[in-house]
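Take a look at the structure below.
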Amino acid sequence: MPFALPRLALAPVVLIGLAVLGFGATTMAPGEQPAGGMSRAEAFRRADEAAALGQKMFFDASLSASGAMSCASCHDPKHGFAAPNALPVQMGGPTLTTPGLRNVPTLTYIQVNPQFTEHFFDNEDEGDESVDGGPTGGLTWDGRVDRGSAQAKIPLLSPFEMANASAADVAGKLAKASYASEFANLYGADIFQHPAQAFEAATRALEAYEQDFRTFYPYSSKYDAYLKGLAQLTPAEAHGLALFNDPAKGNCASCHLSTPANDGTPPQFTDFGLIALGVPRNPAIPANADPAYHDLGLCGPERTDLKDHPDYCGLFLSPSLRNVALRQSFFHNGRFHSLKDVVSFYATRDSDPGRWYPKGPDGAVQKFDDLPKAYWGNINTDPPFGEKPGDKPALTDNEIDDVVTFLGTLTDGYFNPSAPIATATPR
Ligand code: HEC
Ligand code: HEC
């Protein structure tokens, strides 16, 4: 791995890169040798090889039952590793005709997602450590797995995604892959005689790839250049940022953090909190044809360990907004298809609910139509929410446009962050 790493990206790469190889590096003190008699340099080399292998697997459609679906079919690099199209859910399974249940999230900037916890205490200086921030962290919309390796098992085996019958089924496909010899070089000549271990190793290689900062968290957006003093925001972008941060206007930054952390890590544009926004039901998701079906996020049905927590129903993970302008469907159910609609929804959910929710037979607006009434108390009502119907919305139409313009500054590829400052010329 080249060591021209941005300072801030180094720590997670070291820790997670080694953890991927099974060294428990997260508990390792700086300077300590990884276990297993391997030097740090050797561990880095292996992490790099695992990432290169994971990259091949990520784009390999032969690892699916259909033979036509890879991770990249849903997580397209051109779209911030989110969906390549505007569908709310993708079609998978053996014949690519089985619809999924949720919108495809981005895979960029998930490297710092903390492990899921039901009780989060902020230890940043400005945070009050005694305040319980509630359910926080994890991966997927309901935070049900903590590691990329555990996550990768879901699509490989899900009947509506890559639909392999078993771990052994995946191992059999790996043994026939073009990179089988590299796999055996890294994980042992007899690895394919141990299908369960081969499957585990494959998921660790996928995780190693997802931890490659050059691809997944380059911090190369215009906003990053702006934070480093290398670019100026246009008046509309700057106004959008001010509205995004203003607690009395967008108040977006209260959940989608926009300032660097105390240790200097650039902002991730999420606080990793699980929150209920009351996003309207999406009739375009086939599962929603059944009126009794509700995707309740943290309390199920995809996640099962917290199903007895009614106070968790309707909560979904706040996603990073980095690269969000490359996406074509928004929120866990892909209900919205433009950022203008998303920001307008925030601004007018409570002042003009009839704009977003359907009317019932009695003509009354069915607000929060995707969440049974018993759980409405879970829905967030902090600004920009909380107005009464007919009140002035939190943001005007022009202000909404500026917030959307600002979100466009979060797309990577604006500048080269590893170039020496003097030559890092923004386009
Ligand atoms: C058929 C589409 C599809 C395929 C194929 C697919 N994914 Fe996903 N991926 C999704 C969806 C949908 C979610 C959200 C799932 C949820 O919340 O339950 C997701 C979530 C994730 C997440 C969590 C991201 C986050 O922000 O929390 C990771 C990591 C991930 N996928 C990696 C992979 C890998 C690795 C592969 C290949 C082995 C893969 N995916 C294949 C659709 C897909
Ligand atoms: C109280 C916390 C909170 C606040 C305040 C908030 N968000 Fe969010 N945001 C979330 C959560 C949670 C989700 C995911 C909700 C879901 O899918 O059900 C989300 C999703 C989004 C998405 C969709 C991203 C994607 O990948 O699908 C966008 C865009 C977004 N927020 C922008 C904003 C903007 C702009 C503001 C300010 C006007 C804002 N948010 C204020 C918590 C918040």
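Residues in the structure tokens are named by chain (A, B, ... in the order shown) and by number from 1 within that chain; ligands are numbered from 1 in the order shown.
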
What lies within 7 Å of Gly100 of chain A using only C-alpha atoms, ignoring chain neighbours under 6 positions off, as an NGL selection string? :A and (89-91 or 160)

Restrict the selected residues to C-alpha atoms and save them as a PDB file, in the first residue's frame.
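selection26.pdb, freshly written:
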```pdb
ATOM      1  CA  VAL A  89     -35.399  -1.731  -5.056  1.00  0.00           C
ATOM      2  CA  GLN A  90     -33.311  -3.936  -7.356  1.00  0.00           C
ATOM      3  CA  MET A  91     -34.282  -7.243  -8.964  1.00  0.00           C
ATOM      4  CA  PHE A 160     -33.506 -11.811  -3.677  1.00  0.00           C
TER       5      PHE A 160
END
```

Expected answer as JSON, numbers by chain: residues within 8 Å of ligand 1, only C-alpha atoms and all ligand atoms: {"A": [57, 58, 69, 70, 71, 72, 73, 74, 75, 83, 89, 90, 91, 92, 93, 100, 101, 102, 103, 104, 105, 106, 107, 108, 110, 138, 139, 140, 141, 142, 143, 147, 148, 149, 151, 152, 153, 154, 155, 156, 160, 161, 162, 203, 206, 207, 210, 302, 317, 319, 332]}

Check which residues fall inside 6 Å of ligand 2 when counting only C-alpha atoms and all ligand atoms, and print them as a PyMOL selection string. chain A and resi 105+244+250-252+254-255+274-277+279+316-319+321+324+330-332+339+342-343+346+380

Output for the residues just chosen: N, CA and C atoms as a PDB file, in the first residue's frame:
```pdb
ATOM      1  N   PRO A 105     -27.920   1.398  -0.440  1.00  0.00           N
ATOM      2  CA  PRO A 105     -27.155   2.526   0.125  1.00  0.00           C
ATOM      3  C   PRO A 105     -25.779   2.652  -0.533  1.00  0.00           C
ATOM      4  N   PHE A 244     -27.945  24.666   5.788  1.00  0.00           N
ATOM      5  CA  PHE A 244     -27.753  23.270   6.212  1.00  0.00           C
ATOM      6  C   PHE A 244     -27.360  23.227   7.691  1.00  0.00           C
ATOM      7  N   GLY A 250     -32.435  24.708   8.095  1.00  0.00           N
ATOM      8  CA  GLY A 250     -32.389  23.293   7.705  1.00  0.00           C
ATOM      9  C   GLY A 250     -32.132  22.381   8.898  1.00  0.00           C
ATOM     10  N   ASN A 251     -31.232  22.844   9.785  1.00  0.00           N
ATOM     11  CA  ASN A 251     -30.822  22.025  10.936  1.00  0.00           C
ATOM     12  C   ASN A 251     -30.313  20.651  10.510  1.00  0.00           C
ATOM     13  N   CYS A 252     -29.903  20.532   9.275  1.00  0.00           N
ATOM     14  CA  CYS A 252     -29.454  19.253   8.725  1.00  0.00           C
ATOM     15  C   CYS A 252     -28.226  18.727   9.469  1.00  0.00           C
ATOM     16  N   SER A 254     -27.423  18.812  12.403  1.00  0.00           N
ATOM     17  CA  SER A 254     -27.618  18.187  13.713  1.00  0.00           C
ATOM     18  C   SER A 254     -27.555  16.663  13.593  1.00  0.00           C
ATOM     19  N   CYS A 255     -27.866  16.134  12.427  1.00  0.00           N
ATOM     20  CA  CYS A 255     -27.739  14.682  12.196  1.00  0.00           C
ATOM     21  C   CYS A 255     -26.657  14.372  11.157  1.00  0.00           C
ATOM     22  N   LEU A 274     -29.809   6.303  14.526  1.00  0.00           N
ATOM     23  CA  LEU A 274     -31.004   5.706  13.922  1.00  0.00           C
ATOM     24  C   LEU A 274     -32.204   6.539  14.352  1.00  0.00           C
ATOM     25  N   ILE A 275     -32.943   7.033  13.354  1.00  0.00           N
ATOM     26  CA  ILE A 275     -33.959   8.063  13.560  1.00  0.00           C
ATOM     27  C   ILE A 275     -35.180   7.718  12.711  1.00  0.00           C
ATOM     28  N   ALA A 276     -36.367   8.057  13.227  1.00  0.00           N
ATOM     29  CA  ALA A 276     -37.591   7.892  12.430  1.00  0.00           C
ATOM     30  C   ALA A 276     -37.983   9.237  11.829  1.00  0.00           C
ATOM     31  N   LEU A 277     -38.065   9.287  10.493  1.00  0.00           N
ATOM     32  CA  LEU A 277     -38.465  10.526   9.816  1.00  0.00           C
ATOM     33  C   LEU A 277     -39.905  10.457   9.317  1.00  0.00           C
ATOM     34  N   VAL A 279     -40.945   8.797   6.569  1.00  0.00           N
ATOM     35  CA  VAL A 279     -40.934   8.880   5.105  1.00  0.00           C
ATOM     36  C   VAL A 279     -42.194   8.195   4.554  1.00  0.00           C
ATOM     37  N   PHE A 316     -34.369   4.322  11.147  1.00  0.00           N
ATOM     38  CA  PHE A 316     -33.391   3.916  10.136  1.00  0.00           C
ATOM     39  C   PHE A 316     -32.113   4.720  10.325  1.00  0.00           C
ATOM     40  N   LEU A 317     -31.011   4.136   9.847  1.00  0.00           N
ATOM     41  CA  LEU A 317     -29.700   4.777  10.008  1.00  0.00           C
ATOM     42  C   LEU A 317     -29.603   6.046   9.168  1.00  0.00           C
ATOM     43  N   SER A 318     -29.116   7.126   9.767  1.00  0.00           N
ATOM     44  CA  SER A 318     -28.850   8.353   9.005  1.00  0.00           C
ATOM     45  C   SER A 318     -27.675   8.074   8.074  1.00  0.00           C
ATOM     46  N   PRO A 319     -27.882   8.150   6.762  1.00  0.00           N
ATOM     47  CA  PRO A 319     -26.771   7.851   5.858  1.00  0.00           C
ATOM     48  C   PRO A 319     -25.839   9.044   5.702  1.00  0.00           C
ATOM     49  N   LEU A 321     -24.140  11.842   3.611  1.00  0.00           N
ATOM     50  CA  LEU A 321     -24.613  12.540   2.414  1.00  0.00           C
ATOM     51  C   LEU A 321     -23.488  12.751   1.400  1.00  0.00           C
ATOM     52  N   VAL A 324     -24.020  11.996  -2.411  1.00  0.00           N
ATOM     53  CA  VAL A 324     -25.469  11.786  -2.505  1.00  0.00           C
ATOM     54  C   VAL A 324     -26.022  12.278  -3.844  1.00  0.00           C
ATOM     55  N   PHE A 330     -33.822   8.016  -3.048  1.00  0.00           N
ATOM     56  CA  PHE A 330     -33.409   8.441  -1.708  1.00  0.00           C
ATOM     57  C   PHE A 330     -34.297   7.849  -0.623  1.00  0.00           C
ATOM     58  N   PHE A 331     -33.725   7.735   0.550  1.00  0.00           N
ATOM     59  CA  PHE A 331     -34.327   7.156   1.757  1.00  0.00           C
ATOM     60  C   PHE A 331     -34.365   5.611   1.651  1.00  0.00           C
ATOM     61  N   HIS A 332     -34.631   4.962   2.787  1.00  0.00           N
ATOM     62  CA  HIS A 332     -34.529   3.495   2.852  1.00  0.00           C
ATOM     63  C   HIS A 332     -35.468   2.808   1.864  1.00  0.00           C
ATOM     64  N   LEU A 339     -33.150  15.321  -5.209  1.00  0.00           N
ATOM     65  CA  LEU A 339     -32.761  15.951  -3.943  1.00  0.00           C
ATOM     66  C   LEU A 339     -33.681  17.121  -3.626  1.00  0.00           C
ATOM     67  N   VAL A 342     -36.432  15.645  -1.727  1.00  0.00           N
ATOM     68  CA  VAL A 342     -36.008  15.255  -0.379  1.00  0.00           C
ATOM     69  C   VAL A 342     -35.980  16.481   0.535  1.00  0.00           C
ATOM     70  N   VAL A 343     -35.306  17.533   0.080  1.00  0.00           N
ATOM     71  CA  VAL A 343     -35.163  18.704   0.944  1.00  0.00           C
ATOM     72  C   VAL A 343     -36.521  19.390   1.131  1.00  0.00           C
ATOM     73  N   TYR A 346     -38.345  17.560   3.875  1.00  0.00           N
ATOM     74  CA  TYR A 346     -37.905  18.013   5.205  1.00  0.00           C
ATOM     75  C   TYR A 346     -38.566  19.349   5.568  1.00  0.00           C
ATOM     76  N   ASN A 380     -39.297  11.846  14.611  1.00  0.00           N
ATOM     77  CA  ASN A 380     -38.571  13.063  14.985  1.00  0.00           C
ATOM     78  C   ASN A 380     -39.374  14.321  14.642  1.00  0.00           C
TER      79      ASN A 380
END
```

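Using only C-alpha atoms, the nearest neighbour of Ser62 of chain A within the list A:Ala374, A:Ala171, A:Ala325, A:Ala43 is A:Ala171.
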
Pro291 of chain A environment, 12 Å, only C-alpha atoms, sequence neighbours closer than 6 positions dropped, as a list in words: Arg281, Asn282, Pro283, Ile285, Asp369, Asp370, Leu371 and Pro372 of chain A

Could you give me the residues within segment 326-415 of chain A that DSSP places in helix (DSSP H, G or I), as a PDB file with N, CA and C atoms, in the first residue's frame?
```pdb
ATOM      1  N   LEU A 326     -24.949  11.692  -6.644  1.00  0.00           N
ATOM      2  CA  LEU A 326     -24.798  10.659  -7.682  1.00  0.00           C
ATOM      3  C   LEU A 326     -25.919   9.635  -7.625  1.00  0.00           C
ATOM      4  N   LEU A 339     -33.150  15.321  -5.209  1.00  0.00           N
ATOM      5  CA  LEU A 339     -32.761  15.951  -3.943  1.00  0.00           C
ATOM      6  C   LEU A 339     -33.681  17.121  -3.626  1.00  0.00           C
ATOM      7  N   LYS A 340     -34.203  17.741  -4.676  1.00  0.00           N
ATOM      8  CA  LYS A 340     -35.143  18.842  -4.446  1.00  0.00           C
ATOM      9  C   LYS A 340     -36.362  18.329  -3.657  1.00  0.00           C
ATOM     10  N   ASP A 341     -36.876  17.151  -4.060  1.00  0.00           N
ATOM     11  CA  ASP A 341     -38.020  16.582  -3.337  1.00  0.00           C
ATOM     12  C   ASP A 341     -37.635  16.211  -1.899  1.00  0.00           C
ATOM     13  N   VAL A 342     -36.432  15.645  -1.727  1.00  0.00           N
ATOM     14  CA  VAL A 342     -36.008  15.255  -0.379  1.00  0.00           C
ATOM     15  C   VAL A 342     -35.980  16.481   0.535  1.00  0.00           C
ATOM     16  N   VAL A 343     -35.306  17.533   0.080  1.00  0.00           N
ATOM     17  CA  VAL A 343     -35.163  18.704   0.944  1.00  0.00           C
ATOM     18  C   VAL A 343     -36.521  19.390   1.131  1.00  0.00           C
ATOM     19  N   SER A 344     -37.365  19.383   0.078  1.00  0.00           N
ATOM     20  CA  SER A 344     -38.713  19.947   0.211  1.00  0.00           C
ATOM     21  C   SER A 344     -39.530  19.159   1.232  1.00  0.00           C
ATOM     22  N   PHE A 345     -39.341  17.832   1.234  1.00  0.00           N
ATOM     23  CA  PHE A 345     -40.047  16.997   2.223  1.00  0.00           C
ATOM     24  C   PHE A 345     -39.653  17.405   3.645  1.00  0.00           C
ATOM     25  N   TYR A 346     -38.345  17.560   3.875  1.00  0.00           N
ATOM     26  CA  TYR A 346     -37.905  18.013   5.205  1.00  0.00           C
ATOM     27  C   TYR A 346     -38.566  19.349   5.568  1.00  0.00           C
ATOM     28  N   ALA A 347     -38.590  20.265   4.576  1.00  0.00           N
ATOM     29  CA  ALA A 347     -39.052  21.627   4.856  1.00  0.00           C
ATOM     30  C   ALA A 347     -40.560  21.694   5.089  1.00  0.00           C
ATOM     31  N   THR A 348     -41.324  20.766   4.498  1.00  0.00           N
ATOM     32  CA  THR A 348     -42.790  20.924   4.526  1.00  0.00           C
ATOM     33  C   THR A 348     -43.547  19.686   5.021  1.00  0.00           C
ATOM     34  N   PRO A 353     -48.411  18.533   4.860  1.00  0.00           N
ATOM     35  CA  PRO A 353     -48.310  17.072   4.697  1.00  0.00           C
ATOM     36  C   PRO A 353     -49.063  16.543   3.478  1.00  0.00           C
ATOM     37  N   GLY A 354     -50.098  17.266   3.039  1.00  0.00           N
ATOM     38  CA  GLY A 354     -50.873  16.807   1.892  1.00  0.00           C
ATOM     39  C   GLY A 354     -50.052  16.718   0.612  1.00  0.00           C
ATOM     40  N   ARG A 355     -48.888  17.403   0.618  1.00  0.00           N
ATOM     41  CA  ARG A 355     -48.017  17.354  -0.543  1.00  0.00           C
ATOM     42  C   ARG A 355     -47.308  15.993  -0.655  1.00  0.00           C
ATOM     43  N   LYS A 373     -49.851   3.593  13.622  1.00  0.00           N
ATOM     44  CA  LYS A 373     -50.052   4.717  14.529  1.00  0.00           C
ATOM     45  C   LYS A 373     -49.407   4.528  15.905  1.00  0.00           C
ATOM     46  N   ALA A 374     -49.342   3.289  16.347  1.00  0.00           N
ATOM     47  CA  ALA A 374     -48.776   3.001  17.672  1.00  0.00           C
ATOM     48  C   ALA A 374     -47.339   3.521  17.790  1.00  0.00           C
ATOM     49  N   TYR A 375     -46.674   3.719  16.653  1.00  0.00           N
ATOM     50  CA  TYR A 375     -45.258   4.097  16.691  1.00  0.00           C
ATOM     51  C   TYR A 375     -45.017   5.559  16.333  1.00  0.00           C
ATOM     52  N   TRP A 376     -46.068   6.319  16.135  1.00  0.00           N
ATOM     53  CA  TRP A 376     -45.881   7.709  15.692  1.00  0.00           C
ATOM     54  C   TRP A 376     -45.083   8.540  16.691  1.00  0.00           C
ATOM     55  N   GLY A 377     -45.141   8.164  17.962  1.00  0.00           N
ATOM     56  CA  GLY A 377     -44.370   8.891  18.973  1.00  0.00           C
ATOM     57  C   GLY A 377     -42.869   8.799  18.745  1.00  0.00           C
ATOM     58  N   ASN A 378     -42.456   7.832  17.912  1.00  0.00           N
ATOM     59  CA  ASN A 378     -41.013   7.677  17.645  1.00  0.00           C
ATOM     60  C   ASN A 378     -40.501   8.685  16.619  1.00  0.00           C
ATOM     61  N   ASP A 397     -38.570  28.056  -1.170  1.00  0.00           N
ATOM     62  CA  ASP A 397     -38.199  27.319  -2.370  1.00  0.00           C
ATOM     63  C   ASP A 397     -36.767  27.649  -2.819  1.00  0.00           C
ATOM     64  N   ASN A 398     -36.397  28.926  -2.780  1.00  0.00           N
ATOM     65  CA  ASN A 398     -35.035  29.319  -3.169  1.00  0.00           C
ATOM     66  C   ASN A 398     -33.998  28.749  -2.210  1.00  0.00           C
ATOM     67  N   GLU A 399     -34.365  28.729  -0.922  1.00  0.00           N
ATOM     68  CA  GLU A 399     -33.430  28.173   0.073  1.00  0.00           C
ATOM     69  C   GLU A 399     -33.240  26.674  -0.152  1.00  0.00           C
ATOM     70  N   ILE A 400     -34.330  26.008  -0.497  1.00  0.00           N
ATOM     71  CA  ILE A 400     -34.236  24.567  -0.795  1.00  0.00           C
ATOM     72  C   ILE A 400     -33.261  24.345  -1.954  1.00  0.00           C
ATOM     73  N   ASP A 401     -33.386  25.180  -3.000  1.00  0.00           N
ATOM     74  CA  ASP A 401     -32.470  25.052  -4.145  1.00  0.00           C
ATOM     75  C   ASP A 401     -31.014  25.214  -3.714  1.00  0.00           C
ATOM     76  N   ASP A 402     -30.750  26.152  -2.806  1.00  0.00           N
ATOM     77  CA  ASP A 402     -29.367  26.372  -2.376  1.00  0.00           C
ATOM     78  C   ASP A 402     -28.841  25.193  -1.544  1.00  0.00           C
ATOM     79  N   VAL A 403     -29.703  24.605  -0.719  1.00  0.00           N
ATOM     80  CA  VAL A 403     -29.262  23.420   0.034  1.00  0.00           C
ATOM     81  C   VAL A 403     -28.911  22.302  -0.942  1.00  0.00           C
ATOM     82  N   VAL A 404     -29.736  22.111  -1.973  1.00  0.00           N
ATOM     83  CA  VAL A 404     -29.456  21.079  -2.981  1.00  0.00           C
ATOM     84  C   VAL A 404     -28.133  21.384  -3.689  1.00  0.00           C
ATOM     85  N   THR A 405     -27.914  22.651  -4.024  1.00  0.00           N
ATOM     86  CA  THR A 405     -26.652  23.039  -4.674  1.00  0.00           C
ATOM     87  C   THR A 405     -25.468  22.719  -3.769  1.00  0.00           C
ATOM     88  N   PHE A 406     -25.636  23.007  -2.477  1.00  0.00           N
ATOM     89  CA  PHE A 406     -24.554  22.680  -1.533  1.00  0.00           C
ATOM     90  C   PHE A 406     -24.277  21.172  -1.511  1.00  0.00           C
ATOM     91  N   LEU A 407     -25.341  20.352  -1.519  1.00  0.00           N
ATOM     92  CA  LEU A 407     -25.138  18.886  -1.467  1.00  0.00           C
ATOM     93  C   LEU A 407     -24.271  18.417  -2.635  1.00  0.00           C
ATOM     94  N   GLY A 408     -24.325  19.171  -3.751  1.00  0.00           N
ATOM     95  CA  GLY A 408     -23.494  18.836  -4.910  1.00  0.00           C
ATOM     96  C   GLY A 408     -22.000  19.003  -4.653  1.00  0.00           C
ATOM     97  N   THR A 409     -21.622  19.726  -3.597  1.00  0.00           N
ATOM     98  CA  THR A 409     -20.192  19.893  -3.292  1.00  0.00           C
ATOM     99  C   THR A 409     -19.623  18.683  -2.554  1.00  0.00           C
ATOM    100  N   LEU A 410     -20.487  17.686  -2.262  1.00  0.00           N
ATOM    101  CA  LEU A 410     -20.038  16.526  -1.485  1.00  0.00           C
ATOM    102  C   LEU A 410     -19.655  15.347  -2.378  1.00  0.00           C
TER     103      LEU A 410
END
```

Please list as an MDAnalysis selection string every residue within 12 Å of Gly386 of chain A, counting only C-alpha atoms and excluding residues in the same chain fewer than 4 positions away. chainID A and resid 248:249 277 346:353 379:382 390:394

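Using only C-alpha atoms, the residues found no farther than 9 Å from Val112 of chain A, other than those of its own chain fewer than 2 positions away, are Pro12, Tyr109, Ile110, Pro114 and Gln268 of chain A.
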
Only N, CA and C atoms, please: the residues just picked out, written as a PDB file, in the first residue's frame.
```
ATOM      1  N   PRO A  12      -7.695   4.631  10.340  1.00  0.00           N
ATOM      2  CA  PRO A  12      -8.642   3.559  10.056  1.00  0.00           C
ATOM      3  C   PRO A  12      -8.067   2.483   9.142  1.00  0.00           C
ATOM      4  N   TYR A 109     -17.639   5.957   2.381  1.00  0.00           N
ATOM      5  CA  TYR A 109     -17.609   6.531   3.741  1.00  0.00           C
ATOM      6  C   TYR A 109     -18.340   5.682   4.781  1.00  0.00           C
ATOM      7  N   ILE A 110     -18.373   4.354   4.581  1.00  0.00           N
ATOM      8  CA  ILE A 110     -18.932   3.513   5.652  1.00  0.00           C
ATOM      9  C   ILE A 110     -17.814   2.980   6.539  1.00  0.00           C
ATOM     10  N   PRO A 114     -19.393   3.352  13.407  1.00  0.00           N
ATOM     11  CA  PRO A 114     -19.087   2.639  14.647  1.00  0.00           C
ATOM     12  C   PRO A 114     -19.966   1.397  14.764  1.00  0.00           C
ATOM     13  N   GLN A 268     -18.239  13.252   8.231  1.00  0.00           N
ATOM     14  CA  GLN A 268     -18.816  12.127   7.474  1.00  0.00           C
ATOM     15  C   GLN A 268     -20.218  12.454   6.957  1.00  0.00           C
TER      16      GLN A 268
END
```
